Structure formats: C-alpha cells, structure tokens
Amino acid sequence: MEIRLDGFSFQYVSSQPTVVSEVSVAVASGACCAILGPTGAGKTTLLLAISGALGAQHSSGTGRGEISVGPHVFRPMPDKVLFPQVGLCLQEPQIMISGLRDTVYDEIKFSLENISVDPELHEEQIVSVMERLGIQHLRDRKPFTLSGGELQRLTLATLLVVQPPVLLLDEPGNSLDDDALSRLVRILRQLRGRTTVLFSDNQPDLAILAADSILIMEDGEVISFGDKKSFLKNLGEFKSSLPVRKWQDVIRVLSRSSSLRAKRVKKRFGLA
Amino acid sequence: MSISLKGVSFSYQPGNPILRDINVDIQRGECVLILGRNGAGKSTLLKLLNGILKPTAGEVLVNGRNTASTPTSDLAAHIAVTFQNPGDQIFASSVRKEILFGPTNLKRQNAELLTDKALTTFGLGSKASRHPYDLLPAERKLLTIASAVATDAPFLAFDEPSAGLSHYERESFTNAFEELKTAGRTFIVVTHDLDFFITLATRVYIISSGGIGYAGSADDVLSQRETLRKLGVRIPLSERLLGMLE
Ligand SMILES: Nc1ncnc2c1ncn2[C@@H]1O[C@H](COP(=O)(O)OP(=O)(O)OP(=O)(O)O)[C@@H](O)[C@H]1O
Ligand SMILES: [Mg+2]
C-alpha cells in the first residue's frame, strides 16, 4: 500500500506552534522509509497521524492537508485506528502490552485473535515470529517481567505476526542489543516489496542499513527527502539535525580508497 | 565512599540464577559502564544497588551499608537509580513536583534549590509546570535523570539514560555529566550505547552468562573488538566500517 502525505500539518493546541508543517511525501508500496531528526521534530506525530491514533485521540487538535493509505484518502487524516491494515509500534514498549495475557506466546496470539485469523495457522505463525526475533526461550514468560530489550522484541513480534500491509515503527532500535538490531535489519529487508514500512530514529545507522528513502525533519518541517545515496552524498547538510560526523569520516575514507573492501562497501550502500 | 558487591548472586526464581558470584568495586568519582546483551542482568544489577532487590547470596555494600539490612529509604540518601522505563517511576502531577519529591523526602535542607538547579541543568526549566505525561519520551527520560541528580545522592545509577535522546539532548547531557563528575558525583551507567558513553567513562564491565565477561579500563575497551562482538555489545556501523577500512 502506498502512503502519501499532501501538505499535511498538525497542531495539538492552537496557541502552540504546529508540530508538523506542510509535509508532502510519498512512500511507494513495499518500500521502507526512515524518518530522521531530533526530539520534537514531529516524527512521532507523523506516525501517529498515519496510523489513525492521532485523529482518534486528539479531536481538539487541528490538521490540514491529506493523508492517503493505499486507495483511501483521508482529509486531513484518518479519524480511527487503521489496524490491522496499519500496525503501529510506539516508543515506550510497556504501553504496547495488553496486560490481558500471561505469557509471551499468548500475548502474540492475542494480536491474531483480534483480527480473527484461522486459529489452525496460529501456532506456526507465532513460533516463526518468535524465532525471527530470538525470543523462543521466553515463550512461557510473563510479559511484564521481561527485560527492556526483551519487551521491545515482544512488541515487534505482536505487530509482525499480524502482517499488516503498512508498518509504522517509532524508534524501533531503542534498547535493542547487537543481535536484536541485526535481526531487525534482516526483518526490514525481508519485508521489502511486501510491506510499506516507515520508521523513525534520531541517528542514521538503521536507516543506512535498511531504508530505501530517508526523510529528514526538524521543527516539524521536511529538511530533505530522497534516496539513501543522496543522503550519504550530502551528509554535511544534516550536521545540525543528526549525528553524522562519523559517517562523514566513512565517506571520506571510501572516496579515497580503491581497495576491494572499499569497493564492496560502496556497492553495499549504493555509492558505487 | 564506595559501592562494593561481594560474591553477589541473584535469581528471580529458585534454581534459575540471573547473576552469579559478581564481584565489583566502585570508588568515588568513577563513571562505570555496565554493558551486555538483552536479558544479561544489567537492570537487575542496578536494582540490587539501591536495595529494591536483595541478593540471594553475597552482599552489596553502599558506603558500608549492607543493602539486605538497610531500609531502601536510608539507601536513597546514598544512591539514586533511574529505571529503563520512565513510566515506572514518575508519579507527580508536574515536572517540578516530580523532581522536588526526592530531596524533600530525604529532608535535604536545600530541596528547592536542588530542584531548580536540576531543572536548569537538564533544560527542563520551561516545562516545570507541565504534567510529566505531556512531555515527549526523551524529555521524560531527562526528567527521571534530573530527579535522581536532585536527591544529592553521591552515587547515581542510570538505566539506559541515552535511549531515545537525540544529539541535542545528548549534548546537554554530556555537559551536565561533566559538571557533576567534577563535583565529585559517581556514575554507574547501564547502556547499549558504548559509543556515546565511552568518552565519559572510567571503567567498563560486560555482563555475560550471569558473570563478568569482561572488566577493563575505558581506554582499552574499544580496541577489544573481538571481545565486544563475542559478548554481544553494539558497535555503531560507522565505527565498524572505519575499523574495517583502516
Ligand atoms: N520478575 C522477573 N521474573 C523472572 N525473570 C525476570 C524478572 N525480571 C527480569 N527477569 C529476567 O532476568 C533477566 C535479566 O533481566 P534484566 O532486566 O536485568 O536484563 P537487562 O540486562 O537489563 O536487559 P535489557 O538490555 O534487555 O534491558 C532477563 O532474562 C529477564 O527476562
Ligand atoms: Mg535492562
């Protein structure tokens, strides 16, 4: 499903500044777009708006423009949560847990029950998603006794198992260890072509590893929107909104080197 | 002034130890990083420091006080801990009240002053009267850190303080950290963000399989790439590529 925003703006309270102003972007069906920028840039608000959660909760806020999800056009945005077409993972994983199920397995199953999928298929899907996120060993644990990173993996599992055509993830890499991050990257790559993904982050690593396009926001406005190659070429322009210094070093080394390794890295990141 | 863990073991359920025979000494003025995989036991270790959890074997001494026999309210004067999820510890109805609670409860003479100072240090001054739940997640994180600092406890233990902070907050965080360090405060930081904290740290512990998988000075740890990788520590991609291309 394509996601499209046309001149979308939002203001929580009329006396305060707009948190998202005049955003126009399109993410093709099955593509992965990273939304980068510092705290307060409007990343979360944008994800909430697309998911329908913003329209459902903040009837007092004012929106303008329009948001399209696949063939559906909402002006200015959906006013109810679009689950299971759109899955949203919030930044604080605790609020994502239902509190109604006693084990990790049942919590994941709960997601499926909510959308009445054939129960015959549940077990296989749940086991597969647990394996992909490396949480099989936590199968019988109580969700609220999990560690921070374990909980983050569980919330991702509860969403992925539903296979929504659109997936919105707010800073999904927070509190994940090295293994979990690699798993997340692998999952995002596997979703390519099938699921439209938008995820936010405040630093560029995950975006460089897994995104097709990169949207940079600051103070509610779009600073830049383009493919990864142009992002890496113009890193210097994003110094004020993102920690890009080390990446600038990488690009510098790459441009000077003609070693086989450097060539491979360039190819890997589409810089060749 | 010190914290020492002597042969500390801990299990949530009998027969399933999370930490085994941990020995750690932390001296005043240090900044000690605790690293390790998801589920390694890092947050558990922090909860042992301020007495929320008691060791199943061994002992934890905070400025000489055994956490097993000292009320947590007494320990709070010596060590302040922030949790990974800010929602687990915020309960006041405004940012200022939240920060003021600690020093007031500990009967600090200058509670108001400590509160105002912490508000300024962490850039929360303009949000003082806001409800904590009107803050962005990153600001809520800073609020819990500010609250810990305002207790005036000499030992500060933070659980993933940088998660979700963008480079703006990181900058003010670094400045605050340096300032507090100069003032003699001691830090214990649980993090997946080695890259950010390494410049502030004096020592590093990596928890693995319930024990200390690695202990060393902060100056050495980045050169131990193989060890870091084996123990599941996150190294930023840019850093990894630079190492590879050198
Ligand atoms: N109340 C509990 N009952 C049973 N097991 C628990 C409980 N709390 C935590 N655990 C388990 O103890 C282990 C250590 O948890 P801890 O929260 O200390 O990990 P951590 O190192 O902080 O991990 P993370 O990086 O994911 O935050 C985890 O496997 C966790 O699931
Ligand atoms: Mg933890």
# chains A, B, ... in the order shown; residues from 1 in each chain; ligands from 1
call {"tool": "interface_residues", "arguments": {"of": "chain B", "to": "chain A", "cutoff": "8 Å", "atoms": "only C-alpha atoms", "output": "list in words"}}
result
Gly36, Arg37, Asn38, Gly39, Ser43, Gln84, Asn85, Leu136, Pro137, Ala138, Glu160, Ala163, Gly164, Leu165, Ser166, His167, Tyr168, His192, Gly232, Val233, Arg234, Ile235, Pro236, Leu237, Ser238, Glu239, Leu241, Leu242 and Leu245 of chain B
call {"tool": "residues_around", "arguments": {"residues": "A:Leu47", "least_positions_apart": "3", "cutoff": "9 Å", "atoms": "only C-alpha atoms", "output": "ChimeraX atom specification"}}
result
/A:42-44,50-54,88,168-170,198-200
call {"tool": "write_last_selection", "arguments": {"atoms": "N, CA, C and O atoms", "output": "PDB file, in the first residue's frame"}}
result
ATOM      1  N   GLY A  42       8.833  16.117  15.132  1.00  0.00           N
ATOM      2  CA  GLY A  42       7.496  15.803  14.627  1.00  0.00           C
ATOM      3  C   GLY A  42       7.383  14.378  14.100  1.00  0.00           C
ATOM      4  O   GLY A  42       6.365  14.007  13.527  1.00  0.00           O
ATOM      5  N   LYS A  43       8.428  13.573  14.308  1.00  0.00           N
ATOM      6  CA  LYS A  43       8.449  12.215  13.772  1.00  0.00           C
ATOM      7  C   LYS A  43       7.307  11.367  14.322  1.00  0.00           C
ATOM      8  O   LYS A  43       6.571  10.724  13.581  1.00  0.00           O
ATOM      9  N   THR A  44       7.170  11.383  15.653  1.00  0.00           N
ATOM     10  CA  THR A  44       6.131  10.564  16.283  1.00  0.00           C
ATOM     11  C   THR A  44       4.744  11.025  15.856  1.00  0.00           C
ATOM     12  O   THR A  44       3.871  10.205  15.547  1.00  0.00           O
ATOM     13  N   ILE A  50      -0.633   8.967  10.581  1.00  0.00           N
ATOM     14  CA  ILE A  50      -0.874   7.971   9.535  1.00  0.00           C
ATOM     15  C   ILE A  50      -1.628   6.772  10.098  1.00  0.00           C
ATOM     16  O   ILE A  50      -2.502   6.198   9.457  1.00  0.00           O
ATOM     17  N   SER A  51      -1.297   6.397  11.343  1.00  0.00           N
ATOM     18  CA  SER A  51      -1.901   5.197  11.946  1.00  0.00           C
ATOM     19  C   SER A  51      -3.371   5.392  12.285  1.00  0.00           C
ATOM     20  O   SER A  51      -4.104   4.435  12.473  1.00  0.00           O
ATOM     21  N   GLY A  52      -3.778   6.653  12.414  1.00  0.00           N
ATOM     22  CA  GLY A  52      -5.153   6.925  12.827  1.00  0.00           C
ATOM     23  C   GLY A  52      -5.252   7.218  14.324  1.00  0.00           C
ATOM     24  O   GLY A  52      -6.271   7.717  14.796  1.00  0.00           O
ATOM     25  N   ALA A  53      -4.202   6.918  15.052  1.00  0.00           N
ATOM     26  CA  ALA A  53      -4.248   7.117  16.503  1.00  0.00           C
ATOM     27  C   ALA A  53      -4.356   8.599  16.860  1.00  0.00           C
ATOM     28  O   ALA A  53      -5.026   8.978  17.814  1.00  0.00           O
ATOM     29  N   LEU A  54      -3.713   9.434  16.073  1.00  0.00           N
ATOM     30  CA  LEU A  54      -3.752  10.880  16.352  1.00  0.00           C
ATOM     31  C   LEU A  54      -5.166  11.427  16.145  1.00  0.00           C
ATOM     32  O   LEU A  54      -5.701  12.121  17.006  1.00  0.00           O
ATOM     33  N   LEU A  88       1.175  -0.099  14.302  1.00  0.00           N
ATOM     34  CA  LEU A  88       1.990   0.970  14.886  1.00  0.00           C
ATOM     35  C   LEU A  88       2.707   0.471  16.123  1.00  0.00           C
ATOM     36  O   LEU A  88       2.100  -0.099  17.015  1.00  0.00           O
ATOM     37  N   LEU A 168       4.384   0.936  10.958  1.00  0.00           N
ATOM     38  CA  LEU A 168       4.952   2.197  11.421  1.00  0.00           C
ATOM     39  C   LEU A 168       5.682   1.939  12.731  1.00  0.00           C
ATOM     40  O   LEU A 168       5.081   1.460  13.694  1.00  0.00           O
ATOM     41  N   LEU A 169       6.978   2.233  12.793  1.00  0.00           N
ATOM     42  CA  LEU A 169       7.764   1.912  13.977  1.00  0.00           C
ATOM     43  C   LEU A 169       8.446   3.169  14.511  1.00  0.00           C
ATOM     44  O   LEU A 169       9.215   3.812  13.801  1.00  0.00           O
ATOM     45  N   ASP A 170       8.155   3.507  15.769  1.00  0.00           N
ATOM     46  CA  ASP A 170       8.740   4.704  16.356  1.00  0.00           C
ATOM     47  C   ASP A 170      10.013   4.342  17.122  1.00  0.00           C
ATOM     48  O   ASP A 170       9.956   3.691  18.162  1.00  0.00           O
ATOM     49  N   LEU A 198       7.470   2.593   7.553  1.00  0.00           N
ATOM     50  CA  LEU A 198       8.020   3.902   7.922  1.00  0.00           C
ATOM     51  C   LEU A 198       8.533   3.771   9.344  1.00  0.00           C
ATOM     52  O   LEU A 198       7.788   3.321  10.224  1.00  0.00           O
ATOM     53  N   PHE A 199       9.801   4.095   9.561  1.00  0.00           N
ATOM     54  CA  PHE A 199      10.281   4.055  10.942  1.00  0.00           C
ATOM     55  C   PHE A 199      11.038   5.331  11.266  1.00  0.00           C
ATOM     56  O   PHE A 199      11.625   5.954  10.384  1.00  0.00           O
ATOM     57  N   SER A 200      10.999   5.722  12.540  1.00  0.00           N
ATOM     58  CA  SER A 200      11.698   6.940  12.944  1.00  0.00           C
ATOM     59  C   SER A 200      12.958   6.577  13.704  1.00  0.00           C
ATOM     60  O   SER A 200      13.089   5.477  14.243  1.00  0.00           O
TER      61      SER A 200
END
call {"tool": "residues_around", "arguments": {"residues": "A:Ala211", "least_positions_apart": "5", "cutoff": "8 Å", "atoms": "only C-alpha atoms", "output": "ChimeraX atom specification"}}
result
/A:31-34,206,228
call {"tool": "residues_around", "arguments": {"residues": "B:Lys181", "least_positions_apart": "6", "cutoff": "10 Å", "atoms": "only C-alpha atoms", "output": "list in words"}}
result
Arg28, Gly29, Glu30, Cys31, Asn175, Phe187 and Leu200 of chain B
call {"tool": "residues_around", "arguments": {"residues": "A:Ser128", "least_positions_apart": "3", "cutoff": "12 Å", "atoms": "only C-alpha atoms", "output": "tab-separated table (two decimals) with N, CA and C atoms, in the first residue's frame"}}
result
chain	number	residue	atom	x	y	z
A	105	TYR	N	3.86	-16.07	24.55
A	105	TYR	CA	3.17	-16.77	23.46
A	105	TYR	C	1.73	-16.28	23.32
A	108	ILE	N	1.32	-12.74	21.92
A	108	ILE	CA	1.44	-12.68	20.45
A	108	ILE	C	0.17	-13.23	19.81
A	121	LEU	N	-3.76	-21.85	11.97
A	121	LEU	CA	-2.46	-21.34	11.48
A	121	LEU	C	-1.66	-20.62	12.56
A	122	HIS	N	-2.32	-20.36	13.70
A	122	HIS	CA	-1.67	-19.54	14.73
A	122	HIS	C	-0.29	-20.04	15.15
A	123	GLU	N	-0.27	-21.29	15.60
A	123	GLU	CA	0.95	-21.82	16.21
A	123	GLU	C	2.17	-21.59	15.32
A	124	GLU	N	2.02	-21.97	14.05
A	124	GLU	CA	3.15	-21.87	13.14
A	124	GLU	C	3.62	-20.41	12.99
A	125	GLN	N	2.64	-19.50	12.86
A	125	GLN	CA	2.99	-18.09	12.68
A	125	GLN	C	3.67	-17.52	13.92
A	131	GLU	N	10.96	-16.91	16.57
A	131	GLU	CA	12.30	-17.31	16.13
A	131	GLU	C	13.02	-16.16	15.43
A	132	ARG	N	12.26	-15.45	14.59
A	132	ARG	CA	12.91	-14.36	13.85
A	132	ARG	C	13.42	-13.27	14.79
A	133	LEU	N	12.73	-13.09	15.92
A	133	LEU	CA	13.15	-12.05	16.86
A	133	LEU	C	14.00	-12.61	18.01
A	134	GLY	N	14.24	-13.92	17.99
A	134	GLY	CA	15.09	-14.51	19.02
A	134	GLY	C	14.48	-14.51	20.41
A	135	ILE	N	13.17	-14.79	20.49
A	135	ILE	CA	12.54	-14.80	21.81
A	135	ILE	C	11.84	-16.13	22.12
A	136	GLN	N	12.21	-17.20	21.38
A	136	GLN	CA	11.57	-18.50	21.63
A	136	GLN	C	11.70	-18.91	23.09
A	139	ARG	N	9.03	-17.90	25.63
A	139	ARG	CA	7.67	-18.32	25.28
A	139	ARG	C	6.68	-18.33	26.46
A	157	ALA	N	7.10	-8.39	17.81
A	157	ALA	CA	6.50	-9.67	17.43
A	157	ALA	C	4.98	-9.58	17.35
A	158	THR	N	4.36	-8.88	18.30
A	158	THR	CA	2.90	-8.79	18.30
A	158	THR	C	2.39	-8.06	17.05
A	160	LEU	N	4.35	-7.83	13.99
A	160	LEU	CA	4.77	-8.55	12.78
A	160	LEU	C	3.90	-9.76	12.50
A	161	VAL	N	3.43	-10.41	13.56
A	161	VAL	CA	2.66	-11.63	13.38
A	161	VAL	C	1.36	-11.36	12.61
A	187	ILE	N	14.78	-8.44	9.19
A	187	ILE	CA	13.31	-8.43	9.05
A	187	ILE	C	12.86	-7.31	8.11
call {"tool": "closest_residue", "arguments": {"among": "B:Tyr214, B:Phe158, B:Tyr133, B:Phe173", "to": "ligand 1", "atoms": "only C-alpha atoms and all ligand atoms"}}
result
B:Phe158
call {"tool": "closest_residue", "arguments": {"among": "B:Val81, B:Leu45, B:Leu35, B:Val60", "to": "B:Ile18", "atoms": "only C-alpha atoms"}}
result
B:Leu45
call {"tool": "closest_residue", "arguments": {"among": "B:Asp74, B:Asp193, B:Asp21, B:Glu179", "to": "ligand 1", "atoms": "only C-alpha atoms and all ligand atoms"}}
result
B:Asp193
call {"tool": "residues_around", "arguments": {"residues": "B:Arg65", "least_positions_apart": "2", "cutoff": "12 Å", "atoms": "only C-alpha atoms", "output": "PyMOL selection string"}}
result
chain B and resi 1-5+49-51+59-63+67-72+74-79
call {"tool": "residues_around", "arguments": {"residues": "A:Gly193", "least_positions_apart": "2", "cutoff": "12 Å", "atoms": "only C-alpha atoms", "output": "list in words"}}
result
Met1, Glu2, Val27, Ala28, Ser29, Gly30, Ala31, Cys32, Pro165, Val166, Leu188, Arg189, Gln190, Leu191, Thr195, Thr196, Val197 and Asp212 of chain A
call {"tool": "closest_residue", "arguments": {"among": "B:Thr44, B:Gln109, B:Thr144, B:Asn66", "to": "ligand 2", "atoms": "only C-alpha atoms and all ligand atoms"}}
result
B:Thr44
call {"tool": "select_by_dssp", "arguments": {"residues": "chain B", "states": "alpha helix (DSSP H)", "output": "JSON, numbers by chain"}}
result
{"B": [42, 43, 44, 45, 46, 47, 48, 49, 72, 73, 74, 75, 95, 96, 97, 98, 99, 100, 101, 102, 103, 104, 105, 111, 112, 113, 114, 115, 116, 117, 118, 119, 120, 121, 137, 138, 139, 140, 141, 142, 143, 144, 145, 146, 147, 148, 149, 150, 167, 168, 169, 170, 171, 172, 173, 174, 175, 176, 177, 178, 179, 180, 181, 182, 194, 195, 196, 197, 218, 219, 220, 221, 225, 226, 227, 228, 229, 230, 237, 238, 239, 240, 241, 242, 243, 244, 245]}
call {"tool": "atom_distance", "arguments": {"atom1": "atom CA of A:Thr18", "atom2": "atom CA of B:Leu119"}}
result
25.3 Å
call {"tool": "select_by_dssp", "arguments": {"residues": "stretch 9-203 of chain A", "states": "strand (DSSP E)", "output": "PyMOL selection string"}}
result
chain A and resi 9-11+20-27+32-36+62-69+72-74+86-89+166-170+196-201
call {"tool": "closest_residue", "arguments": {"among": "B:Gly7, B:Gly184, B:Gly87, B:Gly213", "to": "B:Asp25", "atoms": "only C-alpha atoms"}}
result
B:Gly7
call {"tool": "closest_residue", "arguments": {"among": "B:Ser73, B:Ser129, B:Thr191, B:Thr121", "to": "ligand 2", "atoms": "only C-alpha atoms and all ligand atoms"}}
result
B:Thr191
